[in-house]
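Asks: Handing over work_31.cif, mmCIF, C-alpha atoms.
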```cif
data_input
#
loop_
_atom_site.label_atom_id
_atom_site.label_comp_id
_atom_site.auth_asym_id
_atom_site.auth_seq_id
_atom_site.Cartn_x
_atom_site.Cartn_y
_atom_site.Cartn_z
CA MET A 2 -28.72 -42.55 31.02
CA ILE A 3 -26.58 -45.72 30.92
CA LEU A 4 -24.07 -45.93 28.08
CA SER A 5 -22.48 -49.04 26.72
CA PRO A 6 -18.66 -49.34 26.99
CA THR A 7 -18.36 -48.78 23.23
CA MET A 8 -20.38 -45.54 23.32
CA ALA A 9 -18.39 -44.36 26.33
CA ARG A 10 -15.11 -44.86 24.45
CA LEU A 11 -16.47 -42.84 21.53
CA ILE A 12 -17.80 -39.96 23.62
CA ARG A 13 -14.78 -39.62 25.95
CA PRO A 14 -12.39 -38.12 23.30
CA ALA A 15 -15.08 -35.72 22.08
CA SER A 16 -15.75 -34.57 25.63
CA SER A 17 -12.04 -34.04 26.24
CA CYS A 18 -11.70 -32.07 23.00
CA LEU A 19 -14.70 -29.91 23.92
CA ARG A 20 -13.25 -29.22 27.37
CA GLN A 21 -9.89 -28.18 25.85
CA THR A 22 -11.66 -25.90 23.38
CA VAL A 23 -13.59 -24.15 26.15
CA LEU A 24 -10.41 -23.67 28.18
CA SER A 25 -8.61 -22.34 25.09
CA ASN A 26 -11.40 -19.89 24.37
CA ASN A 27 -11.36 -18.67 27.96
CA SER A 28 -7.59 -18.18 27.76
CA PHE A 29 -7.96 -16.31 24.47
CA SER A 30 -10.58 -14.00 26.00
CA ARG A 31 -8.28 -13.22 28.94
CA ASN A 32 -5.43 -12.41 26.54
CA VAL A 33 -7.65 -10.10 24.48
CA ARG A 34 -8.85 -8.27 27.60
CA GLN A 35 -5.28 -7.93 28.83
CA ALA A 36 -4.13 -6.58 25.45
CA ALA A 37 -6.98 -4.08 25.36
CA THR A 38 -6.13 -2.85 28.86
CA THR A 39 -2.43 -2.56 27.94
CA THR A 40 -3.26 -0.60 24.79
CA THR A 41 -5.43 1.80 26.77
CA ALA A 42 -2.72 2.30 29.38
CA THR A 43 -0.08 2.95 26.73
CA THR A 44 -2.27 5.56 25.10
CA SER A 45 -2.85 7.31 28.41
CA ARG A 46 0.92 7.64 28.96
CA GLY A 47 1.30 9.32 25.58
CA SER A 48 4.27 7.18 24.47
CA THR A 49 2.67 5.92 21.32
CA ALA A 50 -0.42 8.10 20.94
CA GLY A 51 -0.63 10.36 17.93
CA PRO A 52 -2.74 13.42 17.12
CA ASP A 53 -5.44 11.27 15.57
CA ASP A 54 -5.61 8.67 18.34
CA PHE A 55 -8.95 8.19 20.11
CA ARG A 56 -8.94 8.71 23.86
CA LYS A 57 -11.77 8.28 26.31
CA THR A 58 -11.51 10.53 29.37
CA LYS A 59 -13.51 11.12 32.54
CA SER A 60 -14.69 14.58 33.51
CA GLY A 61 -11.89 16.20 31.50
CA ARG A 62 -9.27 15.12 34.10
CA GLY A 63 -7.30 13.07 31.55
CA GLU A 64 -8.05 9.80 33.36
CA THR A 65 -8.32 6.98 30.86
CA SER A 66 -11.14 4.53 31.49
CA LYS A 67 -10.55 0.82 31.05
CA LEU A 68 -12.19 -1.02 28.21
CA LYS A 69 -15.08 -3.21 29.26
CA TRP A 70 -16.08 -6.12 27.08
CA THR A 71 -19.85 -6.51 26.69
CA PRO A 72 -21.50 -9.24 24.62
CA ILE A 73 -23.55 -7.93 21.69
CA PRO A 74 -26.69 -9.81 20.59
CA VAL A 75 -26.49 -11.37 17.16
CA GLY A 76 -29.46 -9.33 16.00
CA VAL A 77 -27.69 -6.06 16.78
CA GLY A 78 -24.70 -7.19 14.75
CA LEU A 79 -26.87 -8.12 11.78
CA VAL A 80 -28.66 -4.76 11.92
CA TYR A 81 -25.31 -2.96 11.95
CA ILE A 82 -24.06 -4.95 8.94
CA ALA A 83 -27.29 -4.20 7.06
CA TYR A 84 -26.93 -0.50 7.86
CA GLN A 85 -23.35 -0.42 6.58
CA GLN A 86 -24.41 -2.16 3.38
CA TYR A 87 -27.20 0.39 2.92
CA LYS A 88 -24.65 3.20 3.29
CA HIS A 89 -22.44 1.63 0.59
CA ILE A 90 -25.40 1.34 -1.79
CA ARG A 91 -26.47 4.94 -1.13
CA GLN A 92 -22.88 6.08 -1.64
CA ARG A 93 -22.66 4.39 -5.05
CA GLU A 94 -25.96 5.97 -6.12
CA GLU A 95 -24.82 9.43 -5.04
CA ILE A 96 -21.63 9.01 -7.05
CA LYS A 97 -23.66 8.09 -10.14
CA LEU A 98 -25.97 11.11 -9.66
CA GLY A 99 -23.06 13.50 -9.07
CA ILE A 100 -24.22 14.57 -5.60
CA TYR A 101 -21.59 12.65 -3.64
CA ASN A 102 -20.22 14.43 -0.56
CA PRO A 103 -17.06 12.61 0.57
CA GLU A 104 -16.89 14.33 3.96
CA LYS A 105 -20.14 12.63 4.97
CA TYR A 106 -18.65 9.15 4.54
CA THR A 107 -15.06 9.56 5.77
CA ALA A 108 -14.02 7.72 8.93
CA LYS A 109 -14.18 9.35 12.35
CA HIS A 110 -11.14 9.38 14.65
CA TRP A 111 -12.44 6.53 16.78
CA GLN A 112 -13.12 4.42 13.68
CA VAL A 113 -9.56 4.99 12.43
CA TYR A 114 -8.22 4.09 15.86
CA LEU A 115 -10.15 0.81 16.01
CA TYR A 116 -9.21 -0.08 12.44
CA ARG A 117 -5.52 0.46 13.20
CA LEU A 118 -5.80 -1.89 16.18
CA MET A 119 -6.52 -4.80 13.85
CA PRO A 120 -3.53 -7.18 13.50
CA THR A 121 -3.13 -6.50 9.77
CA ARG A 122 0.65 -6.99 9.85
CA LEU A 123 0.30 -10.37 11.52
CA ILE A 124 -2.38 -11.36 9.00
CA SER A 125 -0.16 -10.21 6.13
CA LYS A 126 2.77 -12.17 7.53
CA ALA A 127 0.64 -15.32 7.75
CA TRP A 128 -0.64 -14.75 4.22
CA GLY A 129 2.94 -14.43 3.00
CA GLN A 130 3.81 -17.75 4.59
CA LEU A 131 0.81 -19.35 2.91
CA ASN A 132 1.80 -17.88 -0.46
CA GLY A 133 5.27 -19.38 -0.10
CA PHE A 134 3.97 -22.88 0.63
CA ASP A 135 4.87 -25.17 -2.29
CA LEU A 136 1.84 -26.83 -3.83
CA PRO A 137 1.83 -30.46 -5.00
CA VAL A 138 2.22 -30.62 -8.77
CA CYS A 139 -1.20 -32.24 -9.15
CA MET A 140 -2.87 -29.35 -7.28
CA ARG A 141 -1.17 -26.42 -9.01
CA LYS A 142 -3.28 -26.26 -12.13
CA PRO A 143 -6.74 -26.56 -10.50
CA LEU A 144 -5.94 -24.11 -7.68
CA LEU A 145 -4.13 -21.50 -9.76
CA SER A 146 -6.64 -21.68 -12.60
CA THR A 147 -9.44 -21.08 -10.07
CA TYR A 148 -7.61 -18.00 -8.78
CA ALA A 149 -6.98 -16.79 -12.35
CA TYR A 150 -10.67 -17.19 -13.19
CA ALA A 151 -11.85 -15.47 -10.00
CA PHE A 152 -9.63 -12.40 -10.53
CA ASN A 153 -9.72 -12.32 -14.34
CA CYS A 154 -6.01 -12.97 -14.92
CA ASP A 155 -4.98 -13.12 -18.59
CA LEU A 156 -2.76 -16.21 -18.71
CA ALA A 157 -2.05 -15.67 -22.41
CA GLU A 158 0.15 -12.70 -21.43
CA ALA A 159 2.29 -14.71 -18.99
CA ALA A 160 5.79 -15.64 -20.04
CA VAL A 161 5.03 -19.16 -18.79
CA GLU A 162 1.43 -20.21 -19.42
CA ASP A 163 1.76 -23.69 -17.92
CA LEU A 164 0.41 -23.33 -14.39
CA ARG A 165 2.31 -26.41 -13.23
CA HIS A 166 5.50 -24.35 -13.55
CA TYR A 167 4.55 -22.13 -10.56
CA LYS A 168 5.49 -23.80 -7.30
CA ASN A 169 3.25 -21.64 -5.12
CA LEU A 170 0.81 -18.74 -5.15
CA GLY A 171 3.62 -16.25 -4.61
CA GLU A 172 5.38 -17.24 -7.82
CA PHE A 173 2.12 -16.94 -9.74
CA PHE A 174 1.45 -13.47 -8.30
CA ARG A 175 4.91 -12.31 -9.41
CA ARG A 176 4.78 -13.93 -12.84
CA LYS A 177 6.63 -12.32 -15.73
CA LEU A 178 4.96 -11.20 -18.93
CA LYS A 179 5.91 -11.99 -22.48
CA PRO A 180 8.24 -9.36 -23.99
CA THR A 181 5.56 -8.40 -26.54
CA ALA A 182 2.67 -8.25 -24.03
CA ARG A 183 3.24 -4.58 -23.13
CA PRO A 184 4.39 -2.35 -26.03
CA LEU A 185 5.87 0.95 -24.88
CA ALA A 186 4.47 4.22 -26.26
CA THR A 187 7.49 5.90 -27.89
CA SER A 188 6.07 9.43 -27.89
CA ALA A 189 5.02 9.39 -24.24
CA LEU A 190 6.81 11.63 -21.80
CA ILE A 191 5.83 9.28 -18.97
CA LEU A 192 4.47 5.73 -18.98
CA SER A 193 2.21 3.82 -16.66
CA PRO A 194 4.58 1.96 -14.30
CA CYS A 195 2.15 -0.92 -13.75
CA ASP A 196 -1.22 -2.46 -14.54
CA GLY A 197 -4.06 -1.11 -12.44
CA THR A 198 -6.93 1.31 -11.95
CA VAL A 199 -6.35 5.06 -11.78
CA LEU A 200 -7.81 6.24 -8.47
CA HIS A 201 -6.98 9.90 -8.98
CA PHE A 202 -4.53 12.22 -10.72
CA GLY A 203 -3.93 15.88 -11.44
CA ARG A 204 -1.89 18.93 -10.64
CA VAL A 205 -1.00 19.57 -7.00
CA ASP A 206 -3.22 22.47 -5.90
CA ARG A 207 -2.20 25.68 -4.14
CA ASP A 208 -2.68 24.08 -0.73
CA CYS A 209 -0.19 21.35 -1.76
CA MET A 210 -2.57 18.56 -0.77
CA LEU A 211 -2.96 15.32 -2.72
CA GLU A 212 -6.31 13.65 -3.42
CA GLN A 213 -6.39 9.89 -2.88
CA VAL A 214 -9.89 9.93 -4.41
CA LYS A 215 -12.02 12.88 -5.41
CA GLY A 216 -12.71 15.05 -2.37
CA VAL A 217 -10.53 13.07 0.07
CA THR A 218 -7.15 14.70 0.56
CA TYR A 219 -3.93 13.95 2.41
CA SER A 220 -0.69 15.77 3.15
CA ILE A 221 2.11 15.51 0.59
CA LYS A 222 4.57 16.41 3.36
CA ASP A 223 3.46 13.53 5.59
CA PHE A 224 3.37 11.15 2.64
CA LEU A 225 6.88 11.83 1.29
CA GLY A 226 8.43 12.82 4.61
CA PRO A 227 10.57 15.88 5.36
CA ASN A 228 12.78 17.25 2.60
CA THR A 229 15.96 16.53 4.52
CA ARG A 230 18.85 14.37 3.43
CA PRO A 231 21.38 13.11 6.01
CA ALA A 232 25.02 14.10 5.64
CA ASP A 233 27.27 11.61 3.85
CA SER A 234 29.69 11.60 6.81
CA GLU A 235 27.05 10.12 9.12
CA ALA A 236 27.06 6.58 7.76
CA GLY A 237 25.31 3.69 9.45
CA ARG A 238 23.15 0.91 8.08
CA GLY A 239 19.50 0.67 9.10
CA ALA A 240 19.59 3.28 11.87
CA ARG A 241 16.55 5.35 12.80
CA VAL A 242 16.36 8.71 11.10
CA GLY A 243 13.37 10.31 12.74
CA SER A 244 9.66 10.92 12.60
CA VAL A 245 7.47 13.01 10.35
CA ARG A 246 6.16 14.80 13.44
CA GLU A 247 9.68 15.97 14.30
CA HIS A 248 9.82 17.95 11.04
CA SER A 249 6.33 19.46 10.99
CA HIS A 250 7.34 23.13 11.26
CA LEU A 251 7.09 23.67 7.49
CA SER A 252 3.77 24.42 5.87
CA GLU A 253 2.57 22.37 2.90
CA THR A 254 3.31 25.25 0.53
CA GLU A 255 6.84 25.69 1.86
CA PHE A 256 7.45 21.96 1.51
CA CYS A 257 6.33 21.96 -2.15
CA SER A 258 8.59 24.94 -2.84
CA GLN A 259 11.54 23.03 -1.39
CA ILE A 260 11.14 19.89 -3.48
CA ARG A 261 10.59 21.73 -6.77
CA HIS A 262 13.76 22.27 -8.77
CA ARG A 263 12.50 24.89 -11.21
CA PRO A 264 10.30 27.97 -10.78
CA ASP A 265 8.46 27.58 -14.12
CA THR A 266 7.06 24.09 -13.49
CA SER A 267 4.25 22.48 -11.47
CA LEU A 268 3.92 19.35 -9.35
CA TYR A 269 1.69 16.54 -10.62
CA TYR A 270 0.55 13.26 -9.09
CA CYS A 271 -1.05 10.00 -10.17
CA ILE A 272 -2.37 7.13 -8.00
CA ILE A 273 -2.73 3.64 -9.52
CA TYR A 274 -4.33 0.78 -7.59
CA LEU A 275 -3.19 -2.78 -8.37
CA ALA A 276 -5.98 -5.33 -7.86
CA PRO A 277 -5.18 -8.95 -6.91
CA GLY A 278 -5.61 -10.09 -10.53
CA ASP A 279 -3.29 -7.46 -12.03
CA TYR A 280 0.33 -7.91 -13.11
CA HIS A 281 2.22 -7.40 -9.84
CA ARG A 282 5.53 -5.98 -11.04
CA PHE A 283 6.17 -2.27 -11.47
CA HIS A 284 8.58 -0.55 -13.84
CA SER A 285 10.32 2.74 -14.31
CA PRO A 286 7.77 5.19 -15.79
CA ALA A 287 10.45 7.47 -17.26
CA ALA A 288 14.18 7.90 -17.69
CA TRP A 289 15.36 9.18 -14.32
CA ALA A 290 18.00 8.85 -11.62
CA VAL A 291 17.04 7.55 -8.16
CA HIS A 292 19.08 9.37 -5.52
CA HIS A 293 17.31 8.43 -2.33
CA ARG A 294 15.14 5.79 -0.73
CA ARG A 295 12.96 6.36 2.33
CA HIS A 296 11.18 3.47 4.07
CA PHE A 297 8.17 4.12 6.31
CA PRO A 298 7.28 0.91 8.25
CA GLY A 299 3.72 2.14 8.93
CA GLU A 300 0.50 0.13 8.93
CA LEU A 301 -0.82 -2.45 6.45
CA LEU A 302 -4.38 -1.24 5.96
CA SER A 303 -6.42 -2.11 2.90
CA VAL A 304 -5.95 0.27 -0.04
CA SER A 305 -9.01 -0.82 -2.02
CA PRO A 306 -10.98 2.04 -3.64
CA GLY A 307 -13.74 1.71 -1.04
CA VAL A 308 -11.33 2.13 1.87
CA ALA A 309 -9.56 4.98 0.04
CA ARG A 310 -12.89 6.84 -0.06
CA TRP A 311 -13.54 6.10 3.61
CA LEU A 312 -10.18 6.63 5.34
CA LYS A 313 -8.63 10.07 4.91
CA GLY A 314 -4.84 10.01 4.73
CA LEU A 315 -4.80 6.27 4.10
CA PHE A 316 -1.53 6.20 2.15
CA SER A 317 0.26 8.20 4.86
CA TYR A 318 -0.67 5.55 7.45
CA ASN A 319 0.59 2.57 5.46
CA GLU A 320 4.01 1.06 5.05
CA ARG A 321 5.63 2.48 1.93
CA VAL A 322 8.90 2.87 0.08
CA VAL A 323 9.56 6.30 -1.43
CA LEU A 324 12.10 6.43 -4.26
CA SER A 325 12.98 10.03 -5.09
CA GLY A 326 15.35 11.58 -7.57
CA GLU A 327 15.45 13.70 -10.68
CA TRP A 328 14.43 13.54 -14.32
CA GLU A 329 14.69 15.97 -17.22
CA HIS A 330 12.00 18.27 -15.83
CA GLY A 331 13.04 18.30 -12.17
CA PHE A 332 11.85 16.37 -9.12
CA PHE A 333 10.55 12.83 -9.60
CA SER A 334 9.33 10.24 -7.08
CA LEU A 335 7.71 6.82 -7.18
CA THR A 336 6.19 5.39 -4.01
CA ALA A 337 5.22 1.74 -3.56
CA VAL A 338 2.51 1.53 -0.87
CA GLY A 339 1.95 -1.68 1.08
CA ALA A 340 -1.46 -2.99 2.11
CA THR A 341 -3.18 -5.83 3.93
CA ASN A 342 -1.64 -9.10 2.65
CA VAL A 343 0.87 -7.00 0.65
CA GLY A 344 3.50 -6.18 3.24
CA SER A 345 6.34 -7.40 1.07
CA ILE A 346 7.68 -4.68 -1.25
CA ARG A 347 10.77 -5.53 -3.27
CA VAL A 348 13.01 -3.11 -5.17
CA PHE A 349 15.28 -5.07 -7.48
CA PHE A 350 18.39 -2.89 -7.19
CA ASP A 351 18.15 -2.52 -3.39
CA ASN A 352 18.88 -5.77 -1.58
CA ASP A 353 19.02 -4.03 1.81
CA LEU A 354 15.34 -3.12 1.79
CA MET A 355 13.32 -5.30 4.17
CA THR A 356 9.59 -4.73 4.68
CA ASN A 357 6.79 -6.24 6.77
CA LEU A 358 9.05 -7.11 9.71
CA ILE A 359 7.24 -7.48 13.02
CA GLY A 360 8.96 -5.80 15.98
CA ARG A 361 12.03 -4.53 14.12
CA TYR A 362 10.88 -1.01 13.29
CA ARG A 363 9.25 1.58 15.49
CA SER A 364 5.94 2.94 14.24
CA GLY A 365 6.10 6.54 13.05
CA ASP A 366 9.78 6.46 12.13
CA PHE A 367 11.34 6.44 8.68
CA TYR A 368 14.64 4.98 7.48
CA ASP A 369 16.77 6.62 4.82
CA LEU A 370 19.22 5.27 2.28
CA SER A 371 21.11 7.43 -0.22
CA TYR A 372 22.80 6.26 -3.40
CA GLN A 373 26.35 7.43 -4.01
CA GLU A 374 27.59 9.52 -6.91
CA ASN A 375 24.96 9.73 -9.67
CA GLY A 376 22.46 7.39 -8.05
CA VAL A 377 20.72 4.55 -9.87
CA ASN A 378 19.97 5.49 -13.47
CA LEU A 379 16.82 3.87 -14.84
CA LYS A 380 15.59 3.70 -18.39
CA LYS A 381 11.96 4.06 -19.35
CA GLY A 382 10.19 0.70 -18.89
CA GLU A 383 12.94 -1.07 -16.92
CA HIS A 384 11.99 -3.51 -14.18
CA LEU A 385 11.96 -1.69 -10.87
CA GLY A 386 10.23 -3.88 -8.28
CA GLU A 387 7.30 -6.06 -7.33
CA PHE A 388 4.53 -6.63 -4.79
CA ASN A 389 3.52 -9.99 -3.39
CA LEU A 390 -0.16 -9.48 -4.21
CA GLY A 391 -1.44 -6.06 -5.23
CA SER A 392 -1.28 -2.56 -3.84
CA THR A 393 -0.77 1.04 -4.96
CA ILE A 394 1.80 3.08 -6.86
CA VAL A 395 1.87 6.85 -6.31
CA LEU A 396 3.81 9.13 -8.67
CA VAL A 397 4.65 12.71 -7.65
CA PHE A 398 6.74 14.60 -10.17
CA GLU A 399 7.64 17.98 -11.57
CA ALA A 400 6.68 18.83 -15.15
CA PRO A 401 6.03 21.86 -17.37
CA ASP A 402 2.70 23.63 -17.11
CA GLU A 403 1.75 22.22 -20.54
CA PHE A 404 1.75 18.65 -19.25
CA GLN A 405 -1.54 16.80 -19.71
CA PHE A 406 -2.75 13.39 -18.48
CA ASP A 407 -4.35 11.12 -21.09
CA PHE A 408 -7.02 9.25 -19.11
CA LYS A 409 -9.84 9.65 -16.63
CA ALA A 410 -10.13 8.61 -12.99
CA GLY A 411 -11.44 5.07 -12.70
CA GLU A 412 -9.94 3.91 -16.00
CA LYS A 413 -7.85 0.76 -16.28
CA VAL A 414 -4.28 1.29 -17.46
CA LYS A 415 -1.55 -1.12 -18.52
CA PHE A 416 2.17 -0.97 -18.02
CA GLY A 417 3.77 0.81 -20.97
CA GLN A 418 0.67 2.86 -21.75
CA GLN A 419 1.09 6.62 -22.06
CA LEU A 420 0.15 8.52 -18.91
CA GLY A 421 0.82 11.99 -20.21
CA CYS A 422 2.66 14.05 -22.78
CA ILE A 423 3.57 17.66 -23.58
CA ASP A 424 4.58 17.34 -27.24
CA THR A 425 2.40 17.15 -30.36
CA SER A 426 3.44 13.71 -31.62
CA SER A 427 0.82 11.01 -31.93
CA PRO A 428 0.27 9.02 -28.72
CA ASP A 429 -0.65 5.99 -30.81
CA ASP A 430 2.88 5.43 -32.11
CA VAL A 431 4.22 2.42 -30.25
CA THR A 432 7.18 0.13 -30.56
CA VAL A 433 7.81 -3.26 -29.03
CA VAL A 434 10.62 -3.00 -26.50
CA THR A 435 12.02 -5.91 -24.53
CA VAL A 436 12.55 -4.61 -21.00
CA ASN A 437 15.65 -5.59 -19.07
CA GLU A 438 15.42 -8.34 -16.48
CA PRO A 439 16.22 -7.35 -12.88
CA SER A 440 19.50 -9.30 -12.99
CA GLN A 441 20.77 -7.03 -15.77
CA TYR A 442 20.96 -3.93 -13.60
CA HIS A 443 24.33 -2.22 -13.41
CA THR A 444 24.16 0.26 -10.55
CA THR A 445 26.62 2.28 -8.57
CA ASP A 446 27.55 1.30 -5.04
CA ILE A 447 25.03 2.27 -2.41
CA ALA A 448 25.58 3.48 1.12
CA THR A 449 23.07 3.83 3.88
CA VAL A 450 23.21 7.20 5.61
CA VAL A 451 21.53 8.30 8.77
#
```
Using structure tokens, write down the structure that the file contains.

Replies:
Amino acid sequence: MILSPTMARLIRPASSCLRQTVLSNNSFSRNVRQAATTTTATTSRGSTAGPDDFRKTKSGRGETSKLKWTPIPVGVGLVYIAYQQYKHIRQREEIKLGIYNPEKYTAKHWQVYLYRLMPTRLISKAWGQLNGFDLPVCMRKPLLSTYAYAFNCDLAEAAVEDLRHYKNLGEFFRRKLKPTARPLATSALILSPCDGTVLHFGRVDRDCMLEQVKGVTYSIKDFLGPNTRPADSEAGRGARVGSVREHSHLSETEFCSQIRHRPDTSLYYCIIYLAPGDYHRFHSPAAWAVHHRRHFPGELLSVSPGVARWLKGLFSYNERVVLSGEWEHGFFSLTAVGATNVGSIRVFFDNDLMTNLIGRYRSGDFYDLSYQENGVNLKKGEHLGEFNLGSTIVLVFEAPDEFQFDFKAGEKVKFGQQLGCIDTSSPDDVTVVTVNEPSQYHTTDIATVV
């Protein structure tokens, strides 16, 4: 076919662009294949493989086979997606009928392995950059109002209701509330530290396992890390402390006995999931002293209720910050768990904490920081920290045997609402308390110890 000079000039750039795209795609495919082969080789050497890692061997000789990439027809992919959707529907119906068996739907080792291969940290880092991008003033109101509508955000509770005030999505996620938006229950022994949905709660059982959702358990020892505190003489900022696997000689029961301060009390736990539309700051749920901070770099897997039902031990895989200390009834801890697009965890009184850093931390290690003298004393309801989007707060604490929770799993809770109580006073008595801003903290000096 003969083309006119004008048509040739129009087609030439498109042809060049198409050729560059094909070359780019070929290069991308080579990089993916190379990465897959490298991952397989690393696993075979055992340098990064864990007890739950999936390995493919030949004839039991320990030889690791190379991954081979095979194209899958579109129809097969659609059938697989339809099957997964059918499983979700059947799962919801079984939950409604009370015949749900969680073991039938939990992930297999190979599924966990493939899920952990996803570049969730890189995605979260990119999402964080996008959240920090300043929006033009003319675009702030339409974009942020659309987000608020999609995730059911109550703008009437925000300290600043004018959406043009927020420069970017990150500022809107971390918005402050009006002082009167969350009244604190005066008679409550412990308050909800945040807005969210209660995934599960209860007393730690005899096996000392926690339930992330009903029927799906995980190890309290792996989640909090070993009950060891470095000596004060071994000071050094940001150094590696060790791995959970290096301190696995204790049983779950022995670990629970170590962290309890009193023989006549029990351990309790509560898991609260923060959805993207929830208030993203978290507060002190009680009057307590924080003596120690432990940072697990970990993964950034999704912590949505559906994934929590599917992936056993989810919270022990993810990046998290464990704040532990003491309150009037003994041991107390609050753990902020990161998630996909929520790698950034901030604790207001700890400026040394840095999360979601690619390449700085080694997977499987934890990093300790101890607070000198009496630690950081927090009042009930004080600002404690914030997420960049939404995630999960896990409370593990010691309390008398008479302690009772005041809600059911799946219920929505608000910051300042009573979580539980052991006295006979009315839980409906509330008072309006203006919580302190983060800048008003007066803490003791802190020292990192290794």

Asks: Between A:Asn153, A:Leu145, A:Arg122, A:Val397, which has the minimum distance to A:Cys209 (counting only C-alpha atoms)?

Replies: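 With only C-alpha atoms as the atom set, the closest residue is A:Val397.
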
Asks: Find the residues near A:Val348: any atom within 8 Å, counting only C-alpha atoms, skip ones fewer than 2 places away on the same chain, and give them as a ChimeraX atom specification.

Replies: /A:346,350-352,354,385-387

Asks: Expressed in Å to a single decimal, how great is the separation between atom CA of A:Ile359 and atom CA of A:Lys126?

Replies: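 Taking atom CA of A:Ile359 and atom CA of A:Lys126, their separation equals 8.5 Å.
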
Asks: What is the atom CA of A:Asn357 to atom CA of A:Phe174 distance in Å?

Replies: 17.5 Å

Asks: Tell me which of A:Glu212, A:Asp279, A:Asp369, A:Asp196 sits closest to A:Val414, counting only C-alpha atoms.

Replies: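 Of A:Glu212, A:Asp279, A:Asp369, A:Asp196, the one nearest A:Val414, counting only C-alpha atoms, is A:Asp196.
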
Asks: Name the residues captured by the PyMOL selection byres ((chain A and resi 410) around 10) when it is applied to the shown file; answer as a list of chain:residue names.

Replies: A:Thr198, A:Val199, A:Leu200, A:His201, A:Phe202, A:Gly203, A:Val214, A:Lys215, A:Cys271, A:Ile272, A:Ile273, A:Phe408, A:Lys409, A:Gly411, A:Glu412, A:Lys413

Asks: Which one is closest to A:Leu275: A:Lys380, A:Pro227, A:Ser193, A:Leu136? Count all atoms listed in the file.

Replies: A:Ser193

Asks: How would you write, as a PyMOL selection string, the residues chosen by the PyMOL selection byres ((chain A and resi 323) around 9) on this structure?

Replies: chain A and resi 224-226+293-297+321-322+324-325+334-338

Asks: Starting from the PyMOL selection byres ((chain A and resi 316) around 9), expand the selection into actual residues of this file and give them as a PDB file with C-alpha atoms, keeping the file's coordinate frame.

Replies:
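Result saved to selection.pdb:
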```
ATOM      1  CA  GLN A 213      -6.390   9.890  -2.880  1.00  0.00           C
ATOM      2  CA  TYR A 219      -3.930  13.950   2.410  1.00  0.00           C
ATOM      3  CA  PHE A 224       3.370  11.150   2.640  1.00  0.00           C
ATOM      4  CA  LEU A 302      -4.380  -1.240   5.960  1.00  0.00           C
ATOM      5  CA  VAL A 304      -5.950   0.270  -0.040  1.00  0.00           C
ATOM      6  CA  ALA A 309      -9.560   4.980   0.040  1.00  0.00           C
ATOM      7  CA  LYS A 313      -8.630  10.070   4.910  1.00  0.00           C
ATOM      8  CA  GLY A 314      -4.840  10.010   4.730  1.00  0.00           C
ATOM      9  CA  LEU A 315      -4.800   6.270   4.100  1.00  0.00           C
ATOM     10  CA  SER A 317       0.260   8.200   4.860  1.00  0.00           C
ATOM     11  CA  TYR A 318      -0.670   5.550   7.450  1.00  0.00           C
ATOM     12  CA  ASN A 319       0.590   2.570   5.460  1.00  0.00           C
ATOM     13  CA  GLU A 320       4.010   1.060   5.050  1.00  0.00           C
ATOM     14  CA  ARG A 321       5.630   2.480   1.930  1.00  0.00           C
ATOM     15  CA  VAL A 338       2.510   1.530  -0.870  1.00  0.00           C
ATOM     16  CA  GLY A 339       1.950  -1.680   1.080  1.00  0.00           C
ATOM     17  CA  THR A 393      -0.770   1.040  -4.960  1.00  0.00           C
TER      18      THR A 393
END
```

Asks: Env of A:Leu123: 10 Å cut, atoms = all atoms listed in the file, seq-sep filter 2 positions within chain, self excluded. Answer as a PyMOL selection string.

Replies: chain A and resi 119-121+125-129+301+341-342+344+357-359

Asks: Please, what distance in Å, to one decimal, runs between atom CA of A:Arg176 and atom CA of A:Gln419?

Replies: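 Atom CA of A:Gln419 lies at a distance of 22.8 Å from atom CA of A:Arg176.
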